[in-house]
Structure formats: C-alpha cells, structure tokens
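Below: coords.cif (mmCIF, C-alpha atoms)
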```cif
data_my_file
#
loop_
_atom_site.group_PDB
_atom_site.id
_atom_site.type_symbol
_atom_site.label_atom_id
_atom_site.label_comp_id
_atom_site.auth_asym_id
_atom_site.auth_seq_id
_atom_site.Cartn_x
_atom_site.Cartn_y
_atom_site.Cartn_z
ATOM 1 C CA MET A 366 0.000 0.000 0.000
ATOM 2 C CA THR A 367 1.401 3.385 -0.997
ATOM 3 C CA ARG A 368 1.811 6.252 1.464
ATOM 4 C CA THR A 369 -0.995 8.166 -0.296
ATOM 5 C CA ALA A 370 -3.331 5.215 -0.019
ATOM 6 C CA ARG A 371 -2.500 4.764 3.676
ATOM 7 C CA LEU A 372 -3.173 8.451 4.331
ATOM 8 C CA GLY A 373 -6.443 8.232 2.448
ATOM 9 C CA ARG A 374 -7.520 5.181 4.432
ATOM 10 C CA CYS A 375 -6.604 6.864 7.721
ATOM 11 C CA SER A 376 -8.594 9.952 6.724
ATOM 12 C CA VAL A 377 -11.656 7.825 5.965
ATOM 13 C CA LEU A 378 -11.370 6.032 9.340
ATOM 14 C CA VAL A 379 -10.986 9.318 11.206
ATOM 15 C CA LEU A 380 -13.991 10.852 9.410
ATOM 16 C CA THR A 381 -16.044 7.722 10.057
ATOM 17 C CA GLY A 382 -15.142 7.850 13.734
ATOM 18 C CA LEU A 383 -15.991 11.538 14.007
ATOM 19 C CA LEU A 384 -19.292 11.040 12.190
ATOM 20 C CA GLY A 385 -20.195 8.117 14.453
ATOM 21 C CA ALA A 386 -19.388 10.134 17.571
ATOM 22 C CA TRP A 387 -21.435 13.100 16.289
ATOM 23 C CA LEU A 388 -24.418 10.898 15.473
ATOM 24 C CA GLY A 389 -24.179 9.213 18.867
ATOM 25 C CA ALA A 390 -24.113 12.576 20.635
ATOM 26 C CA ALA A 391 -27.035 13.859 18.543
ATOM 27 C CA THR A 392 -29.058 10.717 19.357
ATOM 28 C CA ALA A 393 -28.306 11.059 23.059
ATOM 29 C CA GLN A 394 -29.360 14.728 23.009
ATOM 30 C CA ALA A 395 -32.599 13.820 21.207
ATOM 31 C CA GLU A 396 -33.326 11.070 23.743
ATOM 32 C CA GLU A 397 -32.747 13.454 26.651
ATOM 33 C CA ALA A 398 -35.017 16.061 25.036
ATOM 34 C CA ASN A 399 -37.704 13.402 24.535
ATOM 35 C CA LYS A 400 -37.382 12.305 28.177
ATOM 36 C CA ALA A 401 -37.886 15.879 29.327
ATOM 37 C CA ASP A 402 -40.941 16.273 27.078
ATOM 38 C CA ILE A 403 -42.400 12.987 28.319
ATOM 39 C CA GLU A 404 -41.926 13.996 31.968
ATOM 40 C CA ALA A 405 -43.648 17.318 31.248
ATOM 41 C CA LEU A 406 -46.507 15.433 29.554
ATOM 42 C CA LYS A 407 -46.912 13.088 32.537
ATOM 43 C CA LYS A 408 -47.171 16.041 34.900
ATOM 44 C CA SER A 409 -49.731 17.772 32.699
ATOM 45 C CA LEU A 410 -51.925 14.643 32.684
ATOM 46 C CA ALA A 411 -51.830 13.999 36.429
ATOM 47 C CA LYS A 412 -55.336 15.407 36.933
ATOM 48 C CA TYR A 413 -56.744 12.676 34.689
ATOM 49 C CA GLU A 414 -55.907 10.037 37.261
ATOM 50 C CA ASP A 415 -59.484 10.906 38.185
ATOM 51 C CA TYR A 416 -61.477 9.695 35.181
ATOM 52 C CA GLN A 417 -64.259 12.121 36.037
ATOM 53 C CA ALA A 418 -61.857 14.994 35.327
ATOM 54 C CA ALA A 419 -61.281 13.411 31.926
ATOM 55 C CA ILE A 420 -65.021 13.337 31.241
ATOM 56 C CA ARG A 421 -65.338 17.007 32.199
ATOM 57 C CA ASP A 422 -62.680 17.766 29.577
ATOM 58 C CA LEU A 423 -64.669 15.800 26.962
ATOM 59 C CA TYR A 424 -62.666 12.574 27.067
ATOM 60 C CA LEU A 425 -65.555 10.143 26.658
ATOM 61 C CA SER A 426 -65.380 6.417 27.336
ATOM 62 C CA THR A 427 -65.804 3.796 24.613
ATOM 63 C CA GLU A 428 -66.760 1.376 27.452
ATOM 64 C CA GLY A 429 -65.052 -1.770 26.126
ATOM 65 C CA CYS A 430 -61.711 -2.920 27.541
ATOM 66 C CA VAL A 431 -59.703 -4.033 24.515
ATOM 67 C CA TYR A 432 -57.150 -6.834 24.618
ATOM 68 C CA PHE A 433 -55.356 -9.027 22.085
ATOM 69 C CA SER A 434 -54.260 -12.674 22.090
ATOM 70 C CA GLY A 435 -51.077 -12.047 20.104
ATOM 71 C CA GLU A 436 -52.549 -13.780 17.031
ATOM 72 C CA LYS A 437 -50.755 -12.863 13.809
ATOM 73 C CA ILE A 438 -52.837 -12.527 10.642
ATOM 74 C CA PRO A 439 -51.303 -11.535 7.273
ATOM 75 C CA GLY A 440 -52.254 -8.023 6.194
ATOM 76 C CA THR A 441 -53.032 -6.859 9.732
ATOM 77 C CA MET A 442 -51.240 -4.885 12.411
ATOM 78 C CA ASP A 443 -48.801 -6.705 14.684
ATOM 79 C CA TYR A 444 -50.203 -6.551 18.213
ATOM 80 C CA PRO A 445 -48.233 -8.469 20.878
ATOM 81 C CA LYS A 446 -50.310 -10.309 23.472
ATOM 82 C CA GLY A 447 -51.643 -7.795 25.983
ATOM 83 C CA ALA A 448 -54.294 -5.162 26.523
ATOM 84 C CA MET A 449 -55.059 -1.668 25.255
ATOM 85 C CA GLY A 450 -57.479 -1.020 28.098
ATOM 86 C CA VAL A 451 -60.497 1.281 28.109
ATOM 87 C CA HIS A 452 -60.198 4.248 25.742
ATOM 88 C CA PHE A 453 -61.511 7.696 26.640
ATOM 89 C CA VAL A 454 -61.540 9.651 23.359
ATOM 90 C CA ASN A 455 -61.548 13.426 23.021
ATOM 91 C CA VAL A 456 -63.432 13.465 19.708
ATOM 92 C CA PRO A 457 -63.174 17.256 19.071
ATOM 93 C CA SER A 458 -59.361 16.989 19.091
ATOM 94 C CA VAL A 459 -59.162 14.244 16.449
ATOM 95 C CA GLY A 460 -58.101 15.580 13.058
ATOM 96 C CA LYS A 461 -56.607 18.775 14.457
ATOM 97 C CA LYS A 462 -52.900 19.591 14.422
ATOM 98 C CA LEU A 463 -50.916 16.945 16.284
ATOM 99 C CA ASP A 464 -50.167 18.158 19.809
ATOM 100 C CA PRO A 465 -47.623 16.158 21.868
ATOM 101 C CA MET A 466 -49.018 17.699 25.059
ATOM 102 C CA LYS A 467 -52.639 16.827 24.300
ATOM 103 C CA PRO A 468 -53.194 13.168 23.423
ATOM 104 C CA ASN A 469 -56.487 12.349 21.718
ATOM 105 C CA VAL A 470 -57.079 9.323 23.925
ATOM 106 C CA LEU A 471 -56.586 8.481 27.607
ATOM 107 C CA ILE A 472 -56.208 4.785 28.426
ATOM 108 C CA TYR A 473 -57.500 3.309 31.678
ATOM 109 C CA GLU A 474 -57.230 -0.132 33.250
ATOM 110 C CA PRO A 475 -60.232 -1.429 35.236
ATOM 111 C CA THR A 476 -59.111 -2.463 38.750
ATOM 112 C CA LYS A 477 -60.748 -3.386 42.082
ATOM 113 C CA LYS A 478 -60.395 0.265 43.080
ATOM 114 C CA GLY A 479 -61.824 1.623 39.820
ATOM 115 C CA LEU A 480 -60.283 2.944 36.630
ATOM 116 C CA LYS A 481 -56.537 3.584 36.721
ATOM 117 C CA LEU A 482 -54.807 5.822 34.154
ATOM 118 C CA VAL A 483 -52.081 3.775 32.461
ATOM 119 C CA GLY A 484 -51.388 5.363 29.084
ATOM 120 C CA VAL A 485 -52.351 7.681 26.243
ATOM 121 C CA GLU A 486 -52.757 7.586 22.484
ATOM 122 C CA TRP A 487 -52.591 9.998 19.571
ATOM 123 C CA LEU A 488 -54.709 9.502 16.438
ATOM 124 C CA VAL A 489 -54.043 10.937 12.984
ATOM 125 C CA PRO A 490 -56.746 10.318 10.338
ATOM 126 C CA LEU A 491 -55.439 9.364 6.896
ATOM 127 C CA THR A 492 -56.394 12.266 4.624
ATOM 128 C CA PRO A 493 -55.026 13.491 1.261
ATOM 129 C CA ASP A 494 -52.947 16.025 3.232
ATOM 130 C CA VAL A 495 -50.957 13.285 4.977
ATOM 131 C CA LYS A 496 -47.797 12.801 2.894
ATOM 132 C CA GLU A 497 -45.666 10.921 5.423
ATOM 133 C CA VAL A 498 -45.958 8.868 8.583
ATOM 134 C CA PRO A 499 -46.557 11.095 11.635
ATOM 135 C CA THR A 500 -43.943 11.041 14.405
ATOM 136 C CA LEU A 501 -43.784 12.121 18.045
ATOM 137 C CA PHE A 502 -40.958 11.788 20.570
ATOM 138 C CA GLY A 503 -38.804 10.279 17.822
ATOM 139 C CA GLN A 504 -41.342 7.490 17.296
ATOM 140 C CA LYS A 505 -43.147 6.676 14.063
ATOM 141 C CA PHE A 506 -46.886 6.125 14.317
ATOM 142 C CA MET A 507 -48.313 2.711 13.421
ATOM 143 C CA GLY A 508 -50.555 2.405 10.375
ATOM 144 C CA PRO A 509 -52.388 3.334 8.345
ATOM 145 C CA MET A 510 -55.087 0.958 9.529
ATOM 146 C CA GLU A 511 -58.851 0.560 9.697
ATOM 147 C CA GLY A 512 -60.784 1.785 12.713
ATOM 148 C CA HIS A 513 -60.903 -0.623 15.662
ATOM 149 C CA TYR A 514 -64.356 -2.065 15.011
ATOM 150 C CA PRO A 515 -66.829 -2.280 16.761
ATOM 151 C CA LEU A 516 -65.715 0.556 19.059
ATOM 152 C CA ILE A 517 -64.574 2.708 16.112
ATOM 153 C CA PRO A 518 -66.003 2.499 12.559
ATOM 154 C CA LYS A 519 -63.790 0.592 10.109
ATOM 155 C CA GLU A 520 -63.996 3.596 7.780
ATOM 156 C CA PHE A 521 -61.889 5.656 10.219
ATOM 157 C CA VAL A 522 -58.550 4.892 8.539
ATOM 158 C CA HIS A 523 -55.800 6.312 10.707
ATOM 159 C CA TYR A 524 -52.345 6.201 12.253
ATOM 160 C CA ASP A 525 -51.868 5.872 15.987
ATOM 161 C CA LEU A 526 -49.189 5.978 18.656
ATOM 162 C CA HIS A 527 -49.573 4.606 22.175
ATOM 163 C CA ALA A 528 -47.465 5.682 25.136
ATOM 164 C CA TRP A 529 -47.626 3.745 28.409
ATOM 165 C CA LEU A 530 -46.690 6.676 30.600
ATOM 166 C CA PHE A 531 -48.103 5.348 33.864
ATOM 167 C CA ARG A 532 -47.484 1.603 33.608
ATOM 168 C CA ASP A 533 -44.209 -0.165 32.818
ATOM 169 C CA ASN A 534 -44.304 -2.144 29.586
ATOM 170 C CA PRO A 535 -41.746 -4.923 28.923
ATOM 171 C CA ASN A 536 -42.360 -4.419 25.188
ATOM 172 C CA GLY A 537 -41.430 -0.731 25.395
ATOM 173 C CA MET A 538 -43.231 2.488 26.260
ATOM 174 C CA PHE A 539 -44.559 2.930 22.709
ATOM 175 C CA SER A 540 -45.743 -0.633 22.057
ATOM 176 C CA PRO A 541 -49.435 -0.742 21.029
ATOM 177 C CA THR A 542 -50.321 -3.281 23.749
ATOM 178 C CA ASN A 543 -49.158 -3.868 27.299
ATOM 179 C CA PRO A 544 -49.001 -7.370 28.835
ATOM 180 C CA LYS A 545 -49.022 -5.823 32.318
ATOM 181 C CA VAL A 546 -52.441 -4.276 31.661
ATOM 182 C CA THR A 547 -55.452 -6.588 31.882
ATOM 183 C CA CYS A 548 -59.204 -6.504 31.363
ATOM 184 C CA ASN A 549 -59.913 -9.030 34.131
ATOM 185 C CA LYS A 550 -61.923 -6.506 36.149
ATOM 186 C CA ALA A 551 -63.636 -4.914 33.157
ATOM 187 C CA GLU A 552 -67.410 -4.835 32.824
ATOM 188 C CA PHE A 553 -67.085 -5.141 29.043
ATOM 189 C CA PRO A 554 -63.885 -7.044 28.123
ATOM 190 C CA MET A 555 -63.364 -7.209 24.346
ATOM 191 C CA LEU A 556 -60.970 -9.655 22.700
ATOM 192 C CA GLU A 557 -60.221 -8.060 19.330
ATOM 193 C CA LYS A 558 -58.659 -9.374 16.157
ATOM 194 C CA PRO A 559 -55.646 -7.477 14.767
ATOM 195 C CA THR A 560 -56.690 -4.440 12.749
ATOM 196 C CA LYS A 561 -56.453 -4.537 8.947
ATOM 197 C CA MET A 562 -53.616 -2.512 7.392
ATOM 198 C CA MET A 563 -54.555 0.012 4.727
ATOM 199 C CA PRO A 564 -52.604 1.629 1.865
ATOM 200 C CA GLY A 565 -50.934 4.966 2.557
ATOM 201 C CA PRO A 566 -47.554 6.474 3.476
ATOM 202 C CA MET A 567 -45.610 3.983 5.599
#
```
Do you think you could lay out the structure here as structure tokens?
Amino acid sequence: MTRTARLGRCSVLVLTGLLGAWLGAATAQAEEANKADIEALKKSLAKYEDYQAAIRDLYLSTEGCVYFSGEKIPGTMDYPKGAMGVHFVNVPSVGKKLDPMKPNVLIYEPTKKGLKLVGVEWLVPLTPDVKEVPTLFGQKFMGPMEGHYPLIPKEFVHYDLHAWLFRDNPNGMFSPTNPKVTCNKAEFPMLEKPTKMMPGPM
C-alpha cells in the first residue's frame, strides 16, 4: 500500500469515527429532550388520574376494555399479546394539528379500586394532506389501519401511537399493547382481532 493510499484510508477512518461520535451525541441529546418532554406530559396529565376529570374535559369512554391474544394474521397490524385497556376519546381533538401535550385518547385499566390511568394515544386520520408517517418523541406512528371495530367504525382509517406513561411495559413504552395491563376486572372485556392494514404512506 502506498503512502498516499494509507493516508487516504486513515482519513476515511478518522472521518467515520468523528461522524459516528457526532451521530451518537445527537441521538443522546434527542433522547434526553424526549425524556424531558415525556416527563412534562406526565405532569400535565396527572389530573386525569381521576377519570371524572377526563369526562369534564370531553374525554368520553368507549366502554369496552380491549385486549389481544397475540394472534398474527397476514395483512393486519402486529399486536403483541396484551391489553389496550379502556379508551376515553376526546373526539373534538381528532383531526386537528398533532399536539404532543394533548393526546387524543386516555387509556385506563379497570381495577378493584376503579379505573386507573395507564397510558395515552394519539390519532391521525389518513387524509389526502398526509404525505408521510406522523412522528412524536422520535417514534413513528403505526398504520395506516382501519378503525378498531366495533368501538370505532372501520372507515376511520388512521395512524396511531400509544405511550404507556403510567405503567411499565416490557415491550417498550410505545408498544401498542401492554401485557401488564389486563381486562380481568372490566365490565365489558373485548378480545379483538388485529386491525387490517390500509394503503398509505408507511
């Protein structure tokens, strides 16, 4: 190997190392910023530990406690075994500009002591204006998919993102289901099939 070639190779290795370090630092900064935003979100939602406060702010219950068996069906969303709980939907907020501090849905788990706030969800309807997959906190939304029938009409094609802010999730904070959440104490438990995927930006 000539001296010029060796110098060129060294330069490439140095640049690669510098680029890797820069990307690592940028990722770490983004993660820290996301953590701060998530902590601020959790604090802002504390009042909704009382589901009646949620109702007063127009988060209305869909009644059914949704859970999944982990069944995999081609052409449908991948939902690990676990629950999604009872959804309280703020219908007036759906379709408006995505707001990380105002989720469209509050998720509750039925317990012996009543409903416990465990997570939140954002919904983005698929419209001609949607040119790319929505993201929040560095996470891509899942979808597009049909509405979760029978609680939501199939025609409501949308993207969604769950965040288990108030209950640990071994599958990750942003997994769509949580195996640590159950519908055992629910008045209306609903075992759902995975939702059908729909065409759109992915």
Name the closest residue to Leu480 (chain A) among the candidates A:Cys430, A:Met562, A:Met507, A:Ala401; distances are taken between atoms, counting only C-alpha atoms.
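Ranked by minimum distance to Leu480 (chain A), first place goes to A:Cys430.
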Which residues, written as a compact mmCIF listing (two decimals) with C-alpha atoms, in the coordinates of the input, have at least one atom at most 8 Å from region 510-517 of chain A, with all atoms listed in the file counted and residues fewer than 5 positions away on the same chain left out?
```
# COMPACT_ATOMS: atom_id res chain seq x y z
CA THR A 427 -65.80 3.80 24.61
CA GLY A 429 -65.05 -1.77 26.13
CA MET A 442 -51.24 -4.88 12.41
CA VAL A 522 -58.55 4.89 8.54
CA HIS A 523 -55.80 6.31 10.71
CA TYR A 524 -52.34 6.20 12.25
CA THR A 560 -56.69 -4.44 12.75
CA LYS A 561 -56.45 -4.54 8.95
CA MET A 562 -53.62 -2.51 7.39
CA MET A 563 -54.56 0.01 4.73
```
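Between CA of Lys519 (chain A) and CA of Gly503 (chain A) there is a distance of 27.9 Å.
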Nearest residue to Ser409 (chain A) out of A:Val431, A:Met538, A:Met466, A:Leu556, using all atoms listed in the file?
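Closest to Ser409 (chain A) of all the choices is A:Met466.
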Residues within 10 Å of (-55.2, 11.9, 5.6), file coords, only C-alpha atoms, listed as a compact mmCIF listing (two decimals) with C-alpha atoms, in the frame of the given file:
```
# COMPACT_ATOMS: atom_id res chain seq x y z
CA GLY A 460 -58.10 15.58 13.06
CA VAL A 489 -54.04 10.94 12.98
CA PRO A 490 -56.75 10.32 10.34
CA LEU A 491 -55.44 9.36 6.90
CA THR A 492 -56.39 12.27 4.62
CA PRO A 493 -55.03 13.49 1.26
CA ASP A 494 -52.95 16.02 3.23
CA VAL A 495 -50.96 13.28 4.98
CA LYS A 496 -47.80 12.80 2.89
CA GLU A 497 -45.67 10.92 5.42
CA PRO A 509 -52.39 3.33 8.35
CA VAL A 522 -58.55 4.89 8.54
CA HIS A 523 -55.80 6.31 10.71
CA TYR A 524 -52.34 6.20 12.25
CA GLY A 565 -50.93 4.97 2.56
CA PRO A 566 -47.55 6.47 3.48
```
Explicit residue set for the PyMOL selection byres ((chain A and resi 404-408) around 8), as a PyMOL selection string:
chain A and resi 400-403+409-411+465-466+530-531
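Residue nearest Pro554 (chain A) within the list A:Pro499, A:Pro475, A:Pro468, A:Pro445: A:Pro475 [criterion: smallest interatomic distance, all atoms listed in the file].
Between CA of Asp464 (chain A) and CA of Tyr424 (chain A) there is a distance of 15.5 Å.
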One decimal, Å: what's the distance from CA of Ile420 (chain A) over to CA of Met555 (chain A), could you say?
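Calculated distance between CA of Ile420 (chain A) and CA of Met555 (chain A) is 21.7 Å.
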Counting all atoms listed in the file, which residues have an atom no more than 12 Å from (-42.8, -4.6, 27.8) in the file's coordinates? Please list them as JSON, numbers by chain.
{"A": [445, 446, 447, 448, 528, 529, 532, 533, 534, 535, 536, 537, 538, 539, 540, 541, 542, 543, 544, 545, 546]}
